[in-house]
Structures are given as C-alpha cells and as structure tokens.
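For reference, the structure is listed below as structure tokens.
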Amino acid sequence: MRNDIAKCKRIVVKVGSALVTDNGAGLSNEFITECARQIAMLHQAGRQILLVSSGAIAAGMQRLGWNKRPHAMHALQAAAAVGQMGLTQAYETVFAQHGLKSAQILLTHDDLADRNRYLNARVTLNTLLELGVVPIINENDTVVTDEIKFGDNDTLGALVANLVEAEALVILTDQQGLYTADPRIDPTATLISEGDAEDKRYESIAGGAGSAISKGGMITKIRAAQRAARSGAHTLIVGGREAGNLIRAANGDIIGTCLRTNQTPLAARKQWLADHLRVAGSVVLDHGAVDAIRHGKSLLPIGVRLVQGDFERGSVIACLDENGLEFARGLANYPSSDARKIAGHPSLEIENRLGYMDDSELIHRDNLVMV
C-alpha cells in the first residue's frame, strides 16, 4: 500500500493553522521554511505538489493582537485580510529561495458549486502545475459567509484533490495520525497505521479540534479522507512538526496513518456532482425509483413522491429514499415549480402538464451520482 503512495505523481498537501502559526503565536517561519524545503525536494524528484494552507485568520489575529478567535463573521474576515498578506509573503519568500514560483488561489464553495467556475479553477490549477508553479490554496475567508464556506481546510484539501485528480492527500497535523482513542486523554491509545477510508468506525473514535486556533480536528480529517477516496485518492495523516515527515510520507515510509481507497475514480462530471457540499433542493422517491437509480437508471417523474425546496433547471438536487436519507444527487432537468407538476406522473404526460417537454427524465443517469 505504501508503495502506491511512493508512485504518486500529483499530491495535495494540507497544513493546519496549529503548525503554520505555532499554535497561534504568529507565523512560524521555521515550519514554513521546512515545508517549502520538502516540497522543493519533491518537486525536483518530478512530483507535482499543491499546498492547501490554513493560517490566514490565525496570522491576522496575531498581527491584530487578538488572543481569542472571534465569532463575528466581519471580525474573522478582517483577520483573514490582514493575515493573508503575511502568509502569502512568507511562502513566496521561502519558495523563491529554492528557485520555485508560487501562486495564490483563494476559493469559496461557490467557486466549486458553479460548473463554469469549477472548470475554470481546474484549468488554472492544471496550468500552474504544468508551468512548474506551486499553487498555495486557501479558503477565501475575507469574503466567505456561513452559507458558502467549506467549513475547514481538511474538506478543502479533499475537494482540491478531487478537482485536480490527485493520487494522494497528505494532511500534516499536530498529531502523529489517527489513534484508537484521543492520546491526549487516554495513555493506552495506539496509532492506527493503515485502514480503509470508508471504515465508519473511524468517525466514532476521532476527537474534536486540537486547539483553540484550529477549527477542524481529527473528525474532519477522517471525513476528508472519505471525500478524497471518491476520486481514487489515498489519504495520509502525518505529524507535521518533525523535519522530513512530508518527504517520508510521500516516499512511502510507514509513518502516520494511511487511509486507503479501493474506489475507482469517478468520471469528472460525476465527481463534481459528488463534491457539492450543499444542494439546491431534493426529491423524495418511491422504492421503485430508488432501486432503478441504484441499478444505473435515470430518474423518471413517475417515481417522485415529493419535491422539496426551490431550484432552477440545472441545479444539483438530492435524491432521498422513503426514509428521507440521501443516496444520490444529480442535475435537475426541470425547475422545482415544474417538477412538482409532473411528480408521480408518466413521462408521456409531461407535455400536457407543462405545455412543453425538454426531457423525459427528471434527472438523466449521466448526471446522477451515488453518495
């Protein structure tokens, strides 16, 4: 398994606020310098590295003299704006020392939810990699709101891995990896060296946030591994304070926790659908429609029992079973107002009920993905 990691050419590396800011004391030049050194060595070995870096808000807090992370959105945005300047400059300086150019990429969920912006982001990142530039990616905290935020950079790292079809996601953290229990509380906790990213037991043993500076914790790393697995990317959770650990992880050394995937990569379009953190609405389906979708069929209006929410044609909507559990999502061929009119009726009646018929399916199978 670790040999597969050593063969990966394209890797997303995510570093957390606790490492970048030395637990909120300010930007850690020592860590940033060491991180750049390792990425430069991997780059020289022919590997393509994308860096997802937290730290803008924490760096801004330090510059503004704040000891506690604020709760107000405007204060968080202000801290991000102040901190992003120093964070970008620090990376630019250290990468330049190794003869590498870097680029800043700031994203919000809307950038990946909109199909055109998703494709633009994908093309830009691929072009930067082809040019030998190291993309430094962060959530655009200066404009983000609760409605459009990823929630944490572990999730963002997984989404970027899916976006560029990376083969591995390496999460550098202040823990050595995933343990059987929280090692800060339970001295008998042991490190889990390898496992399946889809193993649901890991969610139950993952602890909360590691510090007052970070907003993720081990649970977000487990969920990021599950998300990265959708596109065939393995995830490594590795201690980032030890010099050389990134190189060791990328070269297949047995350190940290490796959460492997057994899934084949999704087609790019379905991958984009699966990556949506939010949907515009949902449809509740009868048993027959659920079974048909599970067997690769399209969703016909006759199988829809209830249409929920307001959405436009082309929106991503969730497909729910009779118990209200989401099992798939896809692109709606009709807006919610029209979907309600044709729900529960055969496709032959669409034109009579709407006065037109664009498609015989509410969601075509090519635009459906299981979740």
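Following the order of the structure tokens, chains are lettered A, B, ..., residues in each are numbered from 1, and ligands are numbered from 1.
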
Using only C-alpha atoms, what table do you get, as JSON lines, when you list each residue of region 246-343 of chain A with an atom no more than 9 Å from region 104-116 of chain A, its nearest pair of atoms, and their distance in Å rounded to one decimal, rows by chain then rising number?
{"residue": "A:Trp272", "atom": "CA", "partner": "A:Leu112", "partner_atom": "CA", "distance": 7.8}
{"residue": "A:Leu273", "atom": "CA", "partner": "A:Ala113", "partner_atom": "CA", "distance": 8.4}
{"residue": "A:Asp275", "atom": "CA", "partner": "A:Leu112", "partner_atom": "CA", "distance": 8.1}
{"residue": "A:His276", "atom": "CA", "partner": "A:Ala113", "partner_atom": "CA", "distance": 6.0}
{"residue": "A:Leu277", "atom": "CA", "partner": "A:His109", "partner_atom": "CA", "distance": 7.8}
{"residue": "A:Arg278", "atom": "CA", "partner": "A:Ala113", "partner_atom": "CA", "distance": 8.3}
{"residue": "A:Val316", "atom": "CA", "partner": "A:Ala113", "partner_atom": "CA", "distance": 8.7}

Create the file for the chosen residues now, containing C-alpha atoms and written as a PDB file, in the first residue's frame.
ATOM      1  CA  TRP A 272     -18.093  17.442  -9.496  1.00  0.00           C
ATOM      2  CA  LEU A 273     -21.644  16.466  -8.523  1.00  0.00           C
ATOM      3  CA  ASP A 275     -18.282  17.235  -4.318  1.00  0.00           C
ATOM      4  CA  HIS A 276     -21.222  19.587  -3.762  1.00  0.00           C
ATOM      5  CA  LEU A 277     -21.432  20.295  -0.044  1.00  0.00           C
ATOM      6  CA  ARG A 278     -24.895  21.803  -0.456  1.00  0.00           C
ATOM      7  CA  VAL A 316     -27.824  19.969  -8.136  1.00  0.00           C
TER       8      VAL A 316
END

Practice task
Show which residues sit within 7 Å of region 157-167 of chain A, as a list of chain:residue names. Count only C-alpha atoms, and ignore same-chain residues fewer than 5 positions away.
Solution key: A:Cys8, A:Arg10, A:Ile11, A:Val12, A:Lys14, A:Val52, A:Arg122, A:Asn126, A:Ala224, A:Ala225, A:Arg227, A:Ala228, A:Ser231, A:Gly232, A:Ala233, A:His234, A:Asp275

Selection export as a CSV table (one decimal), in the first residue's frame, atoms kept: all heavy atoms:
chain,number,residue,atom,x,y,z
A,8,CYS,N,2.9,8.0,-6.5
A,8,CYS,CA,2.0,9.1,-6.8
A,8,CYS,C,2.8,10.3,-7.3
A,8,CYS,O,3.7,10.8,-6.7
A,8,CYS,CB,1.2,9.5,-5.5
A,8,CYS,SG,0.1,8.3,-4.9
A,10,ARG,N,1.0,13.3,-8.4
A,10,ARG,CA,0.3,14.5,-8.0
A,10,ARG,C,-0.2,14.4,-6.6
A,10,ARG,O,-1.0,13.5,-6.4
A,10,ARG,CB,-0.8,14.8,-9.0
A,10,ARG,CG,-1.5,16.1,-8.8
A,10,ARG,CD,-2.4,16.5,-9.9
A,10,ARG,NE,-1.7,16.9,-11.1
A,10,ARG,CZ,-2.3,17.3,-12.2
A,10,ARG,NH1,-3.6,17.5,-12.3
A,10,ARG,NH2,-1.6,17.7,-13.3
A,11,ILE,N,0.2,15.3,-5.7
A,11,ILE,CA,-0.1,15.2,-4.3
A,11,ILE,C,-0.6,16.5,-3.8
A,11,ILE,O,0.0,17.5,-4.1
A,11,ILE,CB,1.1,14.7,-3.5
A,11,ILE,CG1,1.6,13.3,-3.9
A,11,ILE,CG2,0.7,14.7,-2.0
A,11,ILE,CD1,2.9,12.9,-3.3
A,12,VAL,N,-1.7,16.5,-3.1
A,12,VAL,CA,-2.2,17.7,-2.4
A,12,VAL,C,-1.7,17.6,-0.9
A,12,VAL,O,-1.9,16.6,-0.3
A,12,VAL,CB,-3.7,17.8,-2.4
A,12,VAL,CG1,-4.2,18.9,-1.5
A,12,VAL,CG2,-4.2,18.0,-3.8
A,14,LYS,N,-2.0,19.4,2.8
A,14,LYS,CA,-2.7,20.3,3.6
A,14,LYS,C,-2.0,20.5,4.9
A,14,LYS,O,-1.6,19.5,5.6
A,14,LYS,CB,-4.1,19.8,3.8
A,14,LYS,CG,-5.0,20.8,4.6
A,14,LYS,CD,-5.0,20.5,6.1
A,14,LYS,CE,-5.8,21.6,6.8
A,14,LYS,NZ,-5.8,21.3,8.3
A,52,VAL,N,-2.4,23.3,0.3
A,52,VAL,CA,-3.6,23.9,0.9
A,52,VAL,C,-3.2,24.3,2.3
A,52,VAL,O,-2.9,23.5,3.2
A,52,VAL,CB,-4.8,22.9,1.0
A,52,VAL,CG1,-5.9,23.6,1.7
A,52,VAL,CG2,-5.2,22.5,-0.4
A,122,ARG,N,-10.2,24.3,-12.2
A,122,ARG,CA,-9.5,23.1,-12.6
A,122,ARG,C,-8.4,23.4,-13.7
A,122,ARG,O,-7.2,23.0,-13.6
A,122,ARG,CB,-10.5,22.1,-13.1
A,122,ARG,CG,-9.9,20.8,-13.6
A,122,ARG,CD,-11.0,20.0,-14.2
A,122,ARG,NE,-10.6,18.8,-14.9
A,122,ARG,CZ,-10.5,17.6,-14.3
A,122,ARG,NH1,-10.8,17.5,-13.0
A,122,ARG,NH2,-10.1,16.5,-15.0
A,126,ASN,N,-4.3,23.1,-13.1
A,126,ASN,CA,-3.5,22.3,-14.0
A,126,ASN,C,-2.5,23.0,-14.8
A,126,ASN,O,-1.4,22.5,-15.0
A,126,ASN,CB,-4.5,21.5,-15.0
A,126,ASN,CG,-5.2,20.4,-14.3
A,126,ASN,OD1,-4.7,19.7,-13.4
A,126,ASN,ND2,-6.4,20.1,-14.8
A,224,ALA,N,-12.5,14.1,5.3
A,224,ALA,CA,-11.8,14.5,4.2
A,224,ALA,C,-11.2,13.3,3.4
A,224,ALA,O,-11.3,13.2,2.2
A,224,ALA,CB,-10.6,15.4,4.5
A,225,ALA,N,-10.8,12.3,4.2
A,225,ALA,CA,-10.3,11.0,3.6
A,225,ALA,C,-11.4,10.3,2.8
A,225,ALA,O,-11.2,9.8,1.7
A,225,ALA,CB,-9.7,10.1,4.6
A,227,ARG,N,-14.0,11.7,1.5
A,227,ARG,CA,-14.3,12.5,0.3
A,227,ARG,C,-13.2,12.3,-0.8
A,227,ARG,O,-13.5,12.2,-2.0
A,227,ARG,CB,-14.4,14.0,0.6
A,227,ARG,CG,-14.9,14.9,-0.5
A,227,ARG,CD,-15.2,16.3,0.0
A,227,ARG,NE,-16.2,16.3,1.0
A,227,ARG,CZ,-17.5,16.4,0.6
A,227,ARG,NH1,-17.9,16.4,-0.7
A,227,ARG,NH2,-18.5,16.5,1.5
A,228,ALA,N,-12.0,12.3,-0.4
A,228,ALA,CA,-10.9,12.2,-1.3
A,228,ALA,C,-10.9,10.8,-2.0
A,228,ALA,O,-10.5,10.6,-3.1
A,228,ALA,CB,-9.5,12.4,-0.6
A,231,SER,N,-12.5,10.0,-5.6
A,231,SER,CA,-11.8,10.1,-6.8
A,231,SER,C,-10.6,9.3,-6.9
A,231,SER,O,-9.7,9.5,-7.7
A,231,SER,CB,-11.5,11.6,-7.1
A,231,SER,OG,-10.7,12.1,-6.1
A,232,GLY,N,-10.5,8.3,-6.0
A,232,GLY,CA,-9.4,7.4,-6.0
A,232,GLY,C,-8.1,7.8,-5.3
A,232,GLY,O,-7.0,7.3,-5.6
A,233,ALA,N,-8.2,8.9,-4.5
A,233,ALA,CA,-7.0,9.4,-3.8
A,233,ALA,C,-6.9,8.8,-2.4
A,233,ALA,O,-7.9,8.7,-1.6
A,233,ALA,CB,-7.1,10.9,-3.7
A,234,HIS,N,-5.7,8.3,-2.1
A,234,HIS,CA,-5.4,7.8,-0.7
A,234,HIS,C,-5.1,9.0,0.2
A,234,HIS,O,-4.7,10.1,-0.3
A,234,HIS,CB,-4.2,6.9,-0.7
A,234,HIS,CG,-4.3,5.8,-1.7
A,234,HIS,ND1,-5.2,4.8,-1.5
A,234,HIS,CD2,-3.6,5.5,-2.8
A,234,HIS,CE1,-5.1,3.9,-2.5
A,234,HIS,NE2,-4.1,4.3,-3.3
A,275,ASP,N,-19.0,16.3,-5.2
A,275,ASP,CA,-18.3,17.2,-4.3
A,275,ASP,C,-19.1,18.4,-3.8
A,275,ASP,O,-18.7,19.1,-2.9
A,275,ASP,CB,-17.1,17.9,-5.1
A,275,ASP,CG,-15.9,16.9,-5.2
A,275,ASP,OD1,-15.9,15.9,-4.4
A,275,ASP,OD2,-15.1,17.1,-6.0

Handout entry: Non-local contacts of Val304 (chain A) (8 Å; only C-alpha atoms; under 5 positions in same chain excluded) as a count of residues only
Key = 7

Handout entry: CA of Leu156 (chain A) to CA of Gln263 (chain A), straight-line distance in Å
Key = 20.1 Å

Check region 24-258 of chain A with DSSP on the backbone and list each residue it calls strand (DSSP E or B), as a PDB file with C-alpha atoms, in the first residue's frame.
ATOM      1  CA  GLN A  48       3.559  17.838  -8.567  1.00  0.00           C
ATOM      2  CA  ILE A  49       2.557  19.389  -5.236  1.00  0.00           C
ATOM      3  CA  LEU A  50      -0.428  21.587  -4.411  1.00  0.00           C
ATOM      4  CA  LEU A  51      -0.349  23.203  -0.982  1.00  0.00           C
ATOM      5  CA  VAL A  52      -3.561  23.888   0.927  1.00  0.00           C
ATOM      6  CA  SER A  53      -2.558  26.123   3.803  1.00  0.00           C
ATOM      7  CA  SER A 102       4.265  30.112  -6.172  1.00  0.00           C
ATOM      8  CA  ALA A 103       0.718  31.266  -6.860  1.00  0.00           C
ATOM      9  CA  GLN A 104      -2.097  32.205  -4.514  1.00  0.00           C
ATOM     10  CA  ILE A 105      -5.509  30.604  -5.127  1.00  0.00           C
ATOM     11  CA  LEU A 106      -8.435  31.654  -2.904  1.00  0.00           C
ATOM     12  CA  LEU A 107     -11.647  29.645  -3.191  1.00  0.00           C
ATOM     13  CA  VAL A 134       3.397  25.622  -6.631  1.00  0.00           C
ATOM     14  CA  PRO A 135      -0.268  26.587  -6.051  1.00  0.00           C
ATOM     15  CA  ILE A 136      -0.939  27.771  -2.497  1.00  0.00           C
ATOM     16  CA  ILE A 137      -4.647  27.366  -1.837  1.00  0.00           C
ATOM     17  CA  ASN A 138      -6.803  28.672   0.982  1.00  0.00           C
ATOM     18  CA  GLU A 139     -10.453  29.366   1.594  1.00  0.00           C
ATOM     19  CA  ALA A 168      -2.850  11.317  -2.694  1.00  0.00           C
ATOM     20  CA  LEU A 169      -3.825  13.799   0.000  1.00  0.00           C
ATOM     21  CA  VAL A 170      -1.259  14.336   2.761  1.00  0.00           C
ATOM     22  CA  ILE A 171      -2.602  16.104   5.853  1.00  0.00           C
ATOM     23  CA  LEU A 172       0.163  17.478   8.079  1.00  0.00           C
ATOM     24  CA  THR A 173      -1.136  17.993  11.597  1.00  0.00           C
ATOM     25  CA  TYR A 179      -5.268   6.783  17.232  1.00  0.00           C
ATOM     26  CA  LEU A 191      -1.637   4.638  16.409  1.00  0.00           C
ATOM     27  CA  GLU A 194      -3.370   1.740   7.910  1.00  0.00           C
ATOM     28  CA  GLY A 195      -7.061   1.420   7.257  1.00  0.00           C
ATOM     29  CA  ASP A 196      -9.907   1.811   4.819  1.00  0.00           C
ATOM     30  CA  HIS A 234      -5.376   7.834  -0.729  1.00  0.00           C
ATOM     31  CA  THR A 235      -5.040   9.994   2.402  1.00  0.00           C
ATOM     32  CA  LEU A 236      -2.093  10.189   4.783  1.00  0.00           C
ATOM     33  CA  ILE A 237      -2.470  11.855   8.200  1.00  0.00           C
ATOM     34  CA  VAL A 238       1.032  12.640   9.430  1.00  0.00           C
ATOM     35  CA  GLY A 239       2.681  14.625  12.209  1.00  0.00           C
ATOM     36  CA  THR A 257      -1.995   6.880   9.309  1.00  0.00           C
ATOM     37  CA  CYS A 258      -2.672   5.816   5.740  1.00  0.00           C
TER      38      CYS A 258
END

Problem - alpha helix (DSSP H) positions in region 119-294 of chain A, given as a ChimeraX atom specification - result: /A:119-130,153-163,201-205,218-229,245-250,268-274,287-294

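Considering only C-alpha atoms, the residue among A:Met73, A:Val369, A:Leu246, A:Leu266 positioned nearest to Gly296 (chain A) is A:Val369.
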
Problem - Within 8 Å of Ile342 (chain A) using only C-alpha atoms, minus same-chain residues under 3 positions, as a ChimeraX atom specification - result: /A:301-302,338-339,345-346,349-350,353-354

Writer output for current selection, N, CA, C and O atoms, as a compact mmCIF listing (two decimals), in the first residue's frame:
# COMPACT_ATOMS: atom_id res chain seq x y z
N PRO A 301 -40.09 11.11 -13.72
CA PRO A 301 -41.02 11.84 -12.85
C PRO A 301 -41.98 10.94 -12.08
O PRO A 301 -42.35 11.24 -10.95
N ILE A 302 -42.37 9.80 -12.67
CA ILE A 302 -43.36 8.93 -12.04
C ILE A 302 -42.87 8.38 -10.71
O ILE A 302 -43.68 8.01 -9.84
N ASP A 338 -41.96 23.20 -11.98
CA ASP A 338 -42.43 22.24 -12.97
C ASP A 338 -42.29 20.81 -12.47
O ASP A 338 -43.11 19.94 -12.80
N ALA A 339 -41.27 20.55 -11.68
CA ALA A 339 -41.08 19.21 -11.14
C ALA A 339 -42.26 18.79 -10.27
O ALA A 339 -42.68 17.62 -10.28
N HIS A 345 -46.17 11.30 -12.20
CA HIS A 345 -46.86 11.08 -13.47
C HIS A 345 -45.91 10.50 -14.51
O HIS A 345 -44.70 10.76 -14.48
N PRO A 346 -46.45 9.73 -15.47
CA PRO A 346 -45.61 9.16 -16.53
C PRO A 346 -45.00 10.25 -17.41
O PRO A 346 -45.55 11.35 -17.55
N GLU A 349 -46.95 12.28 -20.02
CA GLU A 349 -47.85 13.35 -19.63
C GLU A 349 -47.13 14.69 -19.41
O GLU A 349 -47.78 15.69 -19.09
N ILE A 350 -45.81 14.72 -19.55
CA ILE A 350 -45.05 15.94 -19.26
C ILE A 350 -45.53 17.11 -20.12
O ILE A 350 -45.79 18.21 -19.62
N ARG A 353 -48.92 18.50 -19.14
CA ARG A 353 -48.95 19.17 -17.85
C ARG A 353 -48.17 20.48 -17.84
O ARG A 353 -48.49 21.40 -17.10
N LEU A 354 -47.12 20.55 -18.65
CA LEU A 354 -46.26 21.75 -18.65
C LEU A 354 -46.45 22.62 -19.89
O LEU A 354 -46.06 23.79 -19.89

Fill in the blank from the handout: Restricting to only C-alpha atoms, whichever of A:Arg260, A:His287, A:Arg340, A:Lys9 is closest to Phe311 (chain A) is A:Arg340

Handout entry: Residues near Ser17 (chain A), cut-off 12 Å, only C-alpha atoms, skip fewer than 3 positions along chain, as a PyMOL selection string
Key = chain A and resi 14+20-28+31-32+52-61+83+87+138+152-154+171-174+209-217+240

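With only C-alpha atoms as the atoms that count, the residue of A:Leu362, A:Ala72, A:Ala267, A:Leu368 with the shortest distance to His295 (chain A) is A:Leu368.
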
Handout entry: All residues 7 Å or closer to Phe327 (chain A), only C-alpha atoms, same chain fewer than 6 positions away omitted, as a list in words
Key = Cys319, Leu320, Met370 and Val371 of chain A

Please, could you write that set of residues out with N, CA and C atoms as a tab-separated table (two decimals), in the first residue's frame?
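Output below, filename out_38.tsv:
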chain	number	residue	atom	x	y	z
A	319	CYS	N	-31.39	13.18	-4.02
A	319	CYS	CA	-32.40	12.13	-4.16
A	319	CYS	C	-32.50	11.40	-2.82
A	320	LEU	N	-33.68	11.42	-2.23
A	320	LEU	CA	-33.91	10.82	-0.92
A	320	LEU	C	-34.77	9.57	-1.06
A	370	MET	N	-24.09	8.38	-7.03
A	370	MET	CA	-24.41	7.85	-5.71
A	370	MET	C	-23.53	8.54	-4.67
A	371	VAL	N	-24.08	8.79	-3.49
A	371	VAL	CA	-23.31	9.45	-2.42
A	371	VAL	C	-23.35	8.61	-1.15

Problem - Option closest in space to Ser298 (chain A), from A:Leu331, A:Ala229, A:Ile39, A:Ala250 [counting only C-alpha atoms] - result: A:Leu331
